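Below you'll find the structure, written out as structure tokens, and then a few comments.
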Amino acid sequence: MVAVVDRQVHPFELGVACEVFGIDRSDDGLPRFDFAVCATGRAPVSGPGGMRLHASYGLDRAVNADLVVIPAWHTRDEPPPRPVVDLLQATVVRGAWLLSVCSGAFLLAAAGLLDDRRVTCHWHDAGLLASRFPHLALEPDRLYVEDSPIVTSAGTAAGIDACLHIVRRELGARVANGIARRMVVPPHRDGGQAQYVETPVPRRSADGTDLAPLLAEIQANLDRQFTVAGLAAAAHISPRTFARRFVAATGSTPYQWLTRQRVLLVQQLLEEDDLTIEEIARRTGFGTADLLRHHFLRQVGTTPTGYRRTFSHQDRSAP
């Protein structure tokens, strides 16, 4: 796994890849990734505040990587370096993952890799990307989009979501959840970029209502049945006000958010336990196996049995 930097480094976007793939968390039973930062060779590699980055590796380090990350790129209308284009095209041809963060989508598009693909990027640059590369299918409201083997993500922190998505796809929910827990971030965020355009949504409302403790309680008791009326009463606000503030805080409705949390727990139980689907349905609050299968198929794209077959017995050693 490698991250590729050019003449100007974007420290947060690069840091996302380094944090997810470059930290040794084997003491928590998590895989250790073979990760490196590679430079295109076009010195200097500089960043804001007088930052200078010295990368010990060149593009040759990325030739056999299972994942190549482009942690942002400039948006100027100029052709990218030919060696970089060759690397990215070869990465896709051999079926390895390719991930762009924020404006990194501009490089992938300029390399001819996004034509007729579903993509996203930072909402601020979406119009420019669409006008310059009209043959891609832009989804500007998404935090990240997978069109295998390419994943594009929105700005800055959305790169975390995209990285964890790839970890989840390759190594399962337990590993993705474990990394997220160490990073103190949610393993999956609902909602898209729309909640961040122009005015960021505060975690705490203007009247001081903080839903975080209530969300944590729900996650710890997903086997229970919840109603908007009951949750609103626990938050000491009206159901209508609660529903509005819930969407502002999470980017989704209470029903959508609760369903997603339950599906995430189902994934973990399918990976780690030999429970029947009926028992998992009871433990996760779905109640019946049919309802669990319905929501699981809609959100994960496969059946619980198919997911268990893929993830419960596979070798989880890191690439």
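Quick note on naming: the chains in the structure tokens go A, B, ... in the order shown, residues restart at 1 in each chain, and ligands are numbered from 1 in order of appearance.
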
So which bits of range 144-296 of chain A end up alpha helix (DSSP H) when you DSSP the backbone, as number ranges by chain?
A: 158-171, 173-183, 212-220, 228-235, 239-250, 254-272, 277-283, 289-296

Show me, as a list in words, the residues that have an atom within 12 Å of Thr284 in chain A when counting only C-alpha atoms, minus same-chain residues fewer than 6 positions from it.
Ile218, Gln219, Ala220, Asn221, Leu222, Asp223, Arg224, Gln225, Leu258, Thr259, Arg260, Gln261, Arg262, Val263, Leu264, Leu265, Val266, Gln267, Gln268, Leu269, Leu270, Leu275, Ile277, Glu278, Leu291, Leu292, His295 and Phe296 of chain A

Just to be explicit: take each residue in the selection above, keep N, CA and C atoms, and write the result as a compact mmCIF listing (two decimals), in the first residue's frame.
# COMPACT_ATOMS: atom_id res chain seq x y z
N ILE A 218 -27.92 4.06 22.34
CA ILE A 218 -28.61 3.26 21.33
C ILE A 218 -27.67 2.20 20.77
N GLN A 219 -26.43 2.59 20.44
CA GLN A 219 -25.48 1.64 19.88
C GLN A 219 -25.17 0.50 20.84
N ALA A 220 -25.23 0.77 22.13
CA ALA A 220 -24.94 -0.26 23.14
C ALA A 220 -26.15 -1.16 23.40
N ASN A 221 -27.33 -0.79 22.87
CA ASN A 221 -28.55 -1.56 23.15
C ASN A 221 -29.37 -1.75 21.88
N LEU A 222 -28.71 -2.18 20.82
CA LEU A 222 -29.40 -2.30 19.53
C LEU A 222 -30.45 -3.40 19.52
N ASP A 223 -30.43 -4.30 20.50
CA ASP A 223 -31.44 -5.34 20.57
C ASP A 223 -32.79 -4.79 21.03
N ARG A 224 -32.78 -3.60 21.61
CA ARG A 224 -34.02 -2.98 22.07
C ARG A 224 -34.76 -2.33 20.90
N GLN A 225 -36.05 -2.11 21.08
CA GLN A 225 -36.85 -1.41 20.09
C GLN A 225 -36.96 0.06 20.48
N LEU A 258 -30.46 4.09 12.67
CA LEU A 258 -30.59 2.90 13.50
C LEU A 258 -30.44 1.63 12.66
N THR A 259 -31.03 1.62 11.49
CA THR A 259 -30.91 0.46 10.61
C THR A 259 -29.46 0.22 10.22
N ARG A 260 -28.73 1.31 9.91
CA ARG A 260 -27.33 1.16 9.53
C ARG A 260 -26.51 0.62 10.69
N GLN A 261 -26.74 1.10 11.91
CA GLN A 261 -25.99 0.60 13.06
C GLN A 261 -26.26 -0.88 13.29
N ARG A 262 -27.49 -1.29 13.06
CA ARG A 262 -27.83 -2.69 13.24
C ARG A 262 -27.16 -3.56 12.17
N VAL A 263 -27.11 -3.08 10.95
CA VAL A 263 -26.44 -3.83 9.89
C VAL A 263 -24.95 -3.97 10.19
N LEU A 264 -24.33 -2.91 10.70
CA LEU A 264 -22.92 -2.98 11.06
C LEU A 264 -22.68 -4.03 12.14
N LEU A 265 -23.59 -4.12 13.11
CA LEU A 265 -23.46 -5.13 14.15
C LEU A 265 -23.68 -6.53 13.57
N VAL A 266 -24.61 -6.67 12.65
CA VAL A 266 -24.83 -7.95 11.98
C VAL A 266 -23.55 -8.41 11.30
N GLN A 267 -22.89 -7.49 10.59
CA GLN A 267 -21.63 -7.84 9.92
C GLN A 267 -20.61 -8.38 10.92
N GLN A 268 -20.49 -7.72 12.05
CA GLN A 268 -19.51 -8.14 13.04
C GLN A 268 -19.86 -9.53 13.59
N LEU A 269 -21.14 -9.76 13.88
CA LEU A 269 -21.54 -11.05 14.44
C LEU A 269 -21.38 -12.17 13.41
N LEU A 270 -21.64 -11.87 12.15
CA LEU A 270 -21.45 -12.87 11.11
C LEU A 270 -19.99 -13.28 10.98
N LEU A 275 -23.51 -17.86 15.38
CA LEU A 275 -24.93 -17.72 15.70
C LEU A 275 -25.78 -17.93 14.46
N ILE A 277 -28.91 -17.05 11.91
CA ILE A 277 -29.42 -15.77 11.44
C ILE A 277 -30.58 -15.30 12.32
N GLU A 278 -31.39 -16.25 12.79
CA GLU A 278 -32.50 -15.89 13.68
C GLU A 278 -32.00 -15.28 14.98
N LEU A 291 -36.57 -9.91 8.02
CA LEU A 291 -36.33 -8.47 8.05
C LEU A 291 -34.84 -8.17 8.02
N LEU A 292 -34.06 -8.97 8.74
CA LEU A 292 -32.60 -8.80 8.71
C LEU A 292 -32.09 -8.98 7.28
N HIS A 295 -32.87 -5.88 4.95
CA HIS A 295 -32.03 -4.68 5.15
C HIS A 295 -30.57 -4.97 4.84
N PHE A 296 -30.11 -6.16 5.15
CA PHE A 296 -28.71 -6.50 4.89
C PHE A 296 -28.43 -6.50 3.39

In Å to one decimal, how far is CA of Ala105 in chain A from CA of Trp123 in chain A?
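Answer for the CA of Trp123 in chain A to CA of Ala105 in chain A separation: 12.0 Å.
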
Can you tell me, as an MDAnalysis selection string, what residues are no more than 12 Å from Asn177 in chain A when counting only C-alpha atoms, ignoring any on the same chain fewer than 6 positions away?
chainID A and resid 20 28 30 161 163:165 167:168 171 183:188 261 264:265 267:268

Would you put the residues from that selection into a file with N, CA and C atoms, as a PDB file, in the first residue's frame?
ATOM      1  N   VAL A  20      -4.512   5.416   8.758  1.00  0.00           N
ATOM      2  CA  VAL A  20      -5.267   4.173   8.587  1.00  0.00           C
ATOM      3  C   VAL A  20      -4.345   3.005   8.264  1.00  0.00           C
ATOM      4  N   ASP A  28      -3.400  -4.682  19.193  1.00  0.00           N
ATOM      5  CA  ASP A  28      -4.835  -4.827  19.361  1.00  0.00           C
ATOM      6  C   ASP A  28      -5.397  -5.974  18.521  1.00  0.00           C
ATOM      7  N   LEU A  30      -4.955  -6.281  15.330  1.00  0.00           N
ATOM      8  CA  LEU A  30      -5.285  -5.783  14.004  1.00  0.00           C
ATOM      9  C   LEU A  30      -4.109  -6.014  13.056  1.00  0.00           C
ATOM     10  N   ASP A 161     -13.428   7.966   5.760  1.00  0.00           N
ATOM     11  CA  ASP A 161     -14.541   7.083   5.415  1.00  0.00           C
ATOM     12  C   ASP A 161     -14.165   6.153   4.271  1.00  0.00           C
ATOM     13  N   CYS A 163     -11.099   5.212   3.231  1.00  0.00           N
ATOM     14  CA  CYS A 163     -10.079   4.244   3.648  1.00  0.00           C
ATOM     15  C   CYS A 163     -10.700   3.105   4.454  1.00  0.00           C
ATOM     16  N   LEU A 164     -11.578   3.453   5.398  1.00  0.00           N
ATOM     17  CA  LEU A 164     -12.221   2.427   6.209  1.00  0.00           C
ATOM     18  C   LEU A 164     -13.142   1.556   5.356  1.00  0.00           C
ATOM     19  N   HIS A 165     -13.728   2.137   4.329  1.00  0.00           N
ATOM     20  CA  HIS A 165     -14.555   1.352   3.418  1.00  0.00           C
ATOM     21  C   HIS A 165     -13.725   0.265   2.728  1.00  0.00           C
ATOM     22  N   VAL A 167     -10.892  -1.011   3.809  1.00  0.00           N
ATOM     23  CA  VAL A 167     -10.528  -1.997   4.835  1.00  0.00           C
ATOM     24  C   VAL A 167     -11.690  -2.949   5.081  1.00  0.00           C
ATOM     25  N   ARG A 168     -12.898  -2.402   5.169  1.00  0.00           N
ATOM     26  CA  ARG A 168     -14.076  -3.234   5.412  1.00  0.00           C
ATOM     27  C   ARG A 168     -14.302  -4.208   4.259  1.00  0.00           C
ATOM     28  N   LEU A 171     -11.031  -6.716   4.460  1.00  0.00           N
ATOM     29  CA  LEU A 171     -10.709  -7.441   5.695  1.00  0.00           C
ATOM     30  C   LEU A 171     -11.876  -7.582   6.652  1.00  0.00           C
ATOM     31  N   MET A 183      -8.766   5.217  16.141  1.00  0.00           N
ATOM     32  CA  MET A 183      -8.702   6.578  15.622  1.00  0.00           C
ATOM     33  C   MET A 183      -9.741   7.496  16.263  1.00  0.00           C
ATOM     34  N   VAL A 184     -10.645   6.923  17.061  1.00  0.00           N
ATOM     35  CA  VAL A 184     -11.735   7.661  17.709  1.00  0.00           C
ATOM     36  C   VAL A 184     -12.597   8.347  16.646  1.00  0.00           C
ATOM     37  N   VAL A 185     -12.991   7.562  15.631  1.00  0.00           N
ATOM     38  CA  VAL A 185     -13.899   8.044  14.593  1.00  0.00           C
ATOM     39  C   VAL A 185     -14.973   6.979  14.387  1.00  0.00           C
ATOM     40  N   PRO A 186     -16.135   7.351  13.852  1.00  0.00           N
ATOM     41  CA  PRO A 186     -17.162   6.344  13.574  1.00  0.00           C
ATOM     42  C   PRO A 186     -16.716   5.426  12.448  1.00  0.00           C
ATOM     43  N   PRO A 187     -17.032   4.130  12.527  1.00  0.00           N
ATOM     44  CA  PRO A 187     -16.645   3.213  11.451  1.00  0.00           C
ATOM     45  C   PRO A 187     -17.409   3.466  10.171  1.00  0.00           C
ATOM     46  N   HIS A 188     -18.543   4.123  10.280  1.00  0.00           N
ATOM     47  CA  HIS A 188     -19.329   4.460   9.097  1.00  0.00           C
ATOM     48  C   HIS A 188     -20.141   5.705   9.402  1.00  0.00           C
ATOM     49  N   GLN A 261     -26.743   1.098  11.909  1.00  0.00           N
ATOM     50  CA  GLN A 261     -25.993   0.604  13.062  1.00  0.00           C
ATOM     51  C   GLN A 261     -26.263  -0.877  13.286  1.00  0.00           C
ATOM     52  N   LEU A 264     -24.327  -2.908  10.697  1.00  0.00           N
ATOM     53  CA  LEU A 264     -22.918  -2.980  11.062  1.00  0.00           C
ATOM     54  C   LEU A 264     -22.679  -4.033  12.137  1.00  0.00           C
ATOM     55  N   LEU A 265     -23.587  -4.119  13.106  1.00  0.00           N
ATOM     56  CA  LEU A 265     -23.459  -5.135  14.152  1.00  0.00           C
ATOM     57  C   LEU A 265     -23.683  -6.534  13.573  1.00  0.00           C
ATOM     58  N   GLN A 267     -22.886  -7.491  10.588  1.00  0.00           N
ATOM     59  CA  GLN A 267     -21.633  -7.845   9.919  1.00  0.00           C
ATOM     60  C   GLN A 267     -20.609  -8.384  10.916  1.00  0.00           C
ATOM     61  N   GLN A 268     -20.486  -7.725  12.048  1.00  0.00           N
ATOM     62  CA  GLN A 268     -19.509  -8.144  13.044  1.00  0.00           C
ATOM     63  C   GLN A 268     -19.860  -9.531  13.590  1.00  0.00           C
TER      64      GLN A 268
END

Can you pull out the residues contacting Thr40 in chain A? Cut-off 8 Å, using only C-alpha atoms, and skip same-chain residues under 6 positions away; I want them as a PyMOL selection string.
chain A and resi 4-7+58-59+84

From the options A:Arg76, A:Tyr255, A:Val175, A:Ala96, which residue's atoms come nearest to Glu272 in chain A, counting only C-alpha atoms?
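Smallest distance to Glu272 in chain A is found for A:Val175.
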
In terms of the shortest atom-to-atom distance over only C-alpha atoms, which of A:Phe311, A:Thr253, A:Phe35, A:Arg117 is closest to Thr227 in chain A?
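Comparing A:Phe311, A:Thr253, A:Phe35, A:Arg117 against Thr227 in chain A, the winner is A:Thr253.
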
Top pick for closest residue to Arg118 in chain A, considering A:Ser238, A:Thr91, A:Thr276, A:Ser153 and counting only C-alpha atoms
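Going through A:Ser238, A:Thr91, A:Thr276, A:Ser153 one by one, the smallest distance to Arg118 in chain A is for A:Ser153.
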
Using only C-alpha atoms, find the one residue out of A:Ser26, A:Tyr57, A:Arg240, A:Glu170 that sits nearest to Gly41 in chain A.
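Between A:Ser26, A:Tyr57, A:Arg240, A:Glu170, the residue approaching Gly41 in chain A most closely is A:Tyr57.
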
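Here CA of Val119 in chain A and CA of Val63 in chain A stand 23.9 Å from one another.
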
Using only C-alpha atoms, which residues sit within 12 Å of Thr310 in chain A once same-chain residues fewer than 5 positions away are excluded, as a list of chain:residue names?
A:Arg169, A:Glu170, A:Leu171, A:Gly172, A:Ala173, A:Gln267, A:Leu270, A:Glu271, A:Thr302, A:Thr303, A:Pro304, A:Thr305, A:Asp315, A:Arg316

Can you work out which one of A:Arg182, A:Cys38, A:Leu98, A:Phe106 has the shortest atom-to-atom distance to Arg61 in chain A, counting only C-alpha atoms?
A:Cys38

Among range 137-176 of chain A, which ones does DSSP assign to strand (DSSP E) (computed from the backbone)? Answer as a list in words.
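Going through range 137-176 of chain A, the strand (DSSP E) residues come out as Ala137, Leu138, Tyr144, Val145, Glu146, Asp147, Ile150, Val151, Thr152 and Ser153 of chain A.
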
Could the residues in this selection be saved with all heavy atoms as a PDB file, in the first residue's frame?
ATOM      1  N   ALA A 137     -19.447  10.274 -14.331  1.00  0.00           N
ATOM      2  CA  ALA A 137     -20.754  10.362 -13.680  1.00  0.00           C
ATOM      3  C   ALA A 137     -20.556  10.871 -12.262  1.00  0.00           C
ATOM      4  O   ALA A 137     -20.330  10.096 -11.327  1.00  0.00           O
ATOM      5  CB  ALA A 137     -21.439   8.996 -13.688  1.00  0.00           C
ATOM      6  N   LEU A 138     -20.623  12.190 -12.113  1.00  0.00           N
ATOM      7  CA  LEU A 138     -20.325  12.812 -10.821  1.00  0.00           C
ATOM      8  C   LEU A 138     -21.496  12.684  -9.862  1.00  0.00           C
ATOM      9  O   LEU A 138     -22.646  12.955 -10.225  1.00  0.00           O
ATOM     10  CB  LEU A 138     -19.976  14.284 -11.035  1.00  0.00           C
ATOM     11  CG  LEU A 138     -19.546  15.072  -9.795  1.00  0.00           C
ATOM     12  CD1 LEU A 138     -18.230  14.532  -9.259  1.00  0.00           C
ATOM     13  CD2 LEU A 138     -19.425  16.555 -10.129  1.00  0.00           C
ATOM     14  N   TYR A 144     -18.082   9.226  -0.307  1.00  0.00           N
ATOM     15  CA  TYR A 144     -17.165   8.461  -1.149  1.00  0.00           C
ATOM     16  C   TYR A 144     -17.986   7.606  -2.098  1.00  0.00           C
ATOM     17  O   TYR A 144     -19.168   7.319  -1.847  1.00  0.00           O
ATOM     18  CB  TYR A 144     -16.203   7.588  -0.335  1.00  0.00           C
ATOM     19  CG  TYR A 144     -16.879   6.534   0.521  1.00  0.00           C
ATOM     20  CD1 TYR A 144     -17.191   5.283  -0.002  1.00  0.00           C
ATOM     21  CD2 TYR A 144     -17.187   6.785   1.850  1.00  0.00           C
ATOM     22  CE1 TYR A 144     -17.814   4.315   0.770  1.00  0.00           C
ATOM     23  CE2 TYR A 144     -17.807   5.822   2.632  1.00  0.00           C
ATOM     24  CZ  TYR A 144     -18.117   4.595   2.086  1.00  0.00           C
ATOM     25  OH  TYR A 144     -18.745   3.641   2.846  1.00  0.00           O
ATOM     26  N   VAL A 145     -17.367   7.202  -3.204  1.00  0.00           N
ATOM     27  CA  VAL A 145     -18.038   6.380  -4.196  1.00  0.00           C
ATOM     28  C   VAL A 145     -17.077   5.276  -4.632  1.00  0.00           C
ATOM     29  O   VAL A 145     -15.918   5.545  -4.959  1.00  0.00           O
ATOM     30  CB  VAL A 145     -18.456   7.198  -5.439  1.00  0.00           C
ATOM     31  CG1 VAL A 145     -18.961   6.279  -6.551  1.00  0.00           C
ATOM     32  CG2 VAL A 145     -19.529   8.218  -5.069  1.00  0.00           C
ATOM     33  N   GLU A 146     -17.558   4.044  -4.636  1.00  0.00           N
ATOM     34  CA  GLU A 146     -16.769   2.934  -5.164  1.00  0.00           C
ATOM     35  C   GLU A 146     -17.279   2.553  -6.542  1.00  0.00           C
ATOM     36  O   GLU A 146     -18.475   2.297  -6.722  1.00  0.00           O
ATOM     37  CB  GLU A 146     -16.846   1.713  -4.255  1.00  0.00           C
ATOM     38  CG  GLU A 146     -16.100   0.507  -4.843  1.00  0.00           C
ATOM     39  CD  GLU A 146     -16.357  -0.787  -4.114  1.00  0.00           C
ATOM     40  OE1 GLU A 146     -16.682  -0.751  -2.913  1.00  0.00           O
ATOM     41  OE2 GLU A 146     -16.244  -1.860  -4.751  1.00  0.00           O
ATOM     42  N   ASP A 147     -16.411   2.561  -7.512  1.00  0.00           N
ATOM     43  CA  ASP A 147     -16.665   2.001  -8.836  1.00  0.00           C
ATOM     44  C   ASP A 147     -15.437   1.146  -9.129  1.00  0.00           C
ATOM     45  O   ASP A 147     -14.481   1.592  -9.749  1.00  0.00           O
ATOM     46  CB  ASP A 147     -16.848   3.100  -9.878  1.00  0.00           C
ATOM     47  CG  ASP A 147     -17.453   2.574 -11.177  1.00  0.00           C
ATOM     48  OD1 ASP A 147     -17.206   1.400 -11.505  1.00  0.00           O
ATOM     49  OD2 ASP A 147     -18.175   3.342 -11.859  1.00  0.00           O
ATOM     50  N   ILE A 150     -11.816   1.482  -8.354  1.00  0.00           N
ATOM     51  CA  ILE A 150     -11.491   2.863  -8.001  1.00  0.00           C
ATOM     52  C   ILE A 150     -12.473   3.377  -6.954  1.00  0.00           C
ATOM     53  O   ILE A 150     -13.686   3.198  -7.089  1.00  0.00           O
ATOM     54  CB  ILE A 150     -11.517   3.774  -9.240  1.00  0.00           C
ATOM     55  CG1 ILE A 150     -10.449   3.344 -10.249  1.00  0.00           C
ATOM     56  CG2 ILE A 150     -11.308   5.235  -8.852  1.00  0.00           C
ATOM     57  CD1 ILE A 150     -10.459   4.126 -11.540  1.00  0.00           C
ATOM     58  N   VAL A 151     -11.939   4.014  -5.920  1.00  0.00           N
ATOM     59  CA  VAL A 151     -12.750   4.690  -4.910  1.00  0.00           C
ATOM     60  C   VAL A 151     -12.350   6.159  -4.902  1.00  0.00           C
ATOM     61  O   VAL A 151     -11.165   6.477  -4.790  1.00  0.00           O
ATOM     62  CB  VAL A 151     -12.548   4.083  -3.505  1.00  0.00           C
ATOM     63  CG1 VAL A 151     -13.349   4.868  -2.475  1.00  0.00           C
ATOM     64  CG2 VAL A 151     -12.966   2.620  -3.489  1.00  0.00           C
ATOM     65  N   THR A 152     -13.334   7.036  -5.051  1.00  0.00           N
ATOM     66  CA  THR A 152     -13.084   8.475  -4.948  1.00  0.00           C
ATOM     67  C   THR A 152     -13.808   8.994  -3.723  1.00  0.00           C
ATOM     68  O   THR A 152     -14.882   8.506  -3.369  1.00  0.00           O
ATOM     69  CB  THR A 152     -13.582   9.220  -6.198  1.00  0.00           C
ATOM     70  OG1 THR A 152     -14.957   8.876  -6.443  1.00  0.00           O
ATOM     71  CG2 THR A 152     -12.759   8.855  -7.422  1.00  0.00           C
ATOM     72  N   SER A 153     -13.215   9.985  -3.055  1.00  0.00           N
ATOM     73  CA  SER A 153     -13.837  10.498  -1.837  1.00  0.00           C
ATOM     74  C   SER A 153     -13.888  12.012  -1.862  1.00  0.00           C
ATOM     75  O   SER A 153     -13.184  12.672  -2.628  1.00  0.00           O
ATOM     76  CB  SER A 153     -13.073  10.020  -0.594  1.00  0.00           C
ATOM     77  OG  SER A 153     -11.794  10.612  -0.521  1.00  0.00           O
TER      78      SER A 153
END

Taking only C-alpha atoms into account, which of A:Pro81, A:Pro31, A:Pro239, A:Gly155 comes nearest His10 in chain A?
A:Gly155

Residues at most 9 Å from Val16 in chain A, counting only C-alpha atoms, excluding those fewer than 3 positions away in the same chain, as a list in words?
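Once the nearby chain positions are removed, what remains is Pro11, Phe12, Glu13, Glu19, Val20, Phe21, Pro71, Thr156, Ala157, Gly159, Ile160 and Cys163 of chain A.
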
Between CA of Cys121 in chain A and CA of Ser103 in chain A, what is the distance in Å, rounded to a tenth?
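For CA of Cys121 in chain A relative to CA of Ser103 in chain A, the distance reads 6.2 Å.
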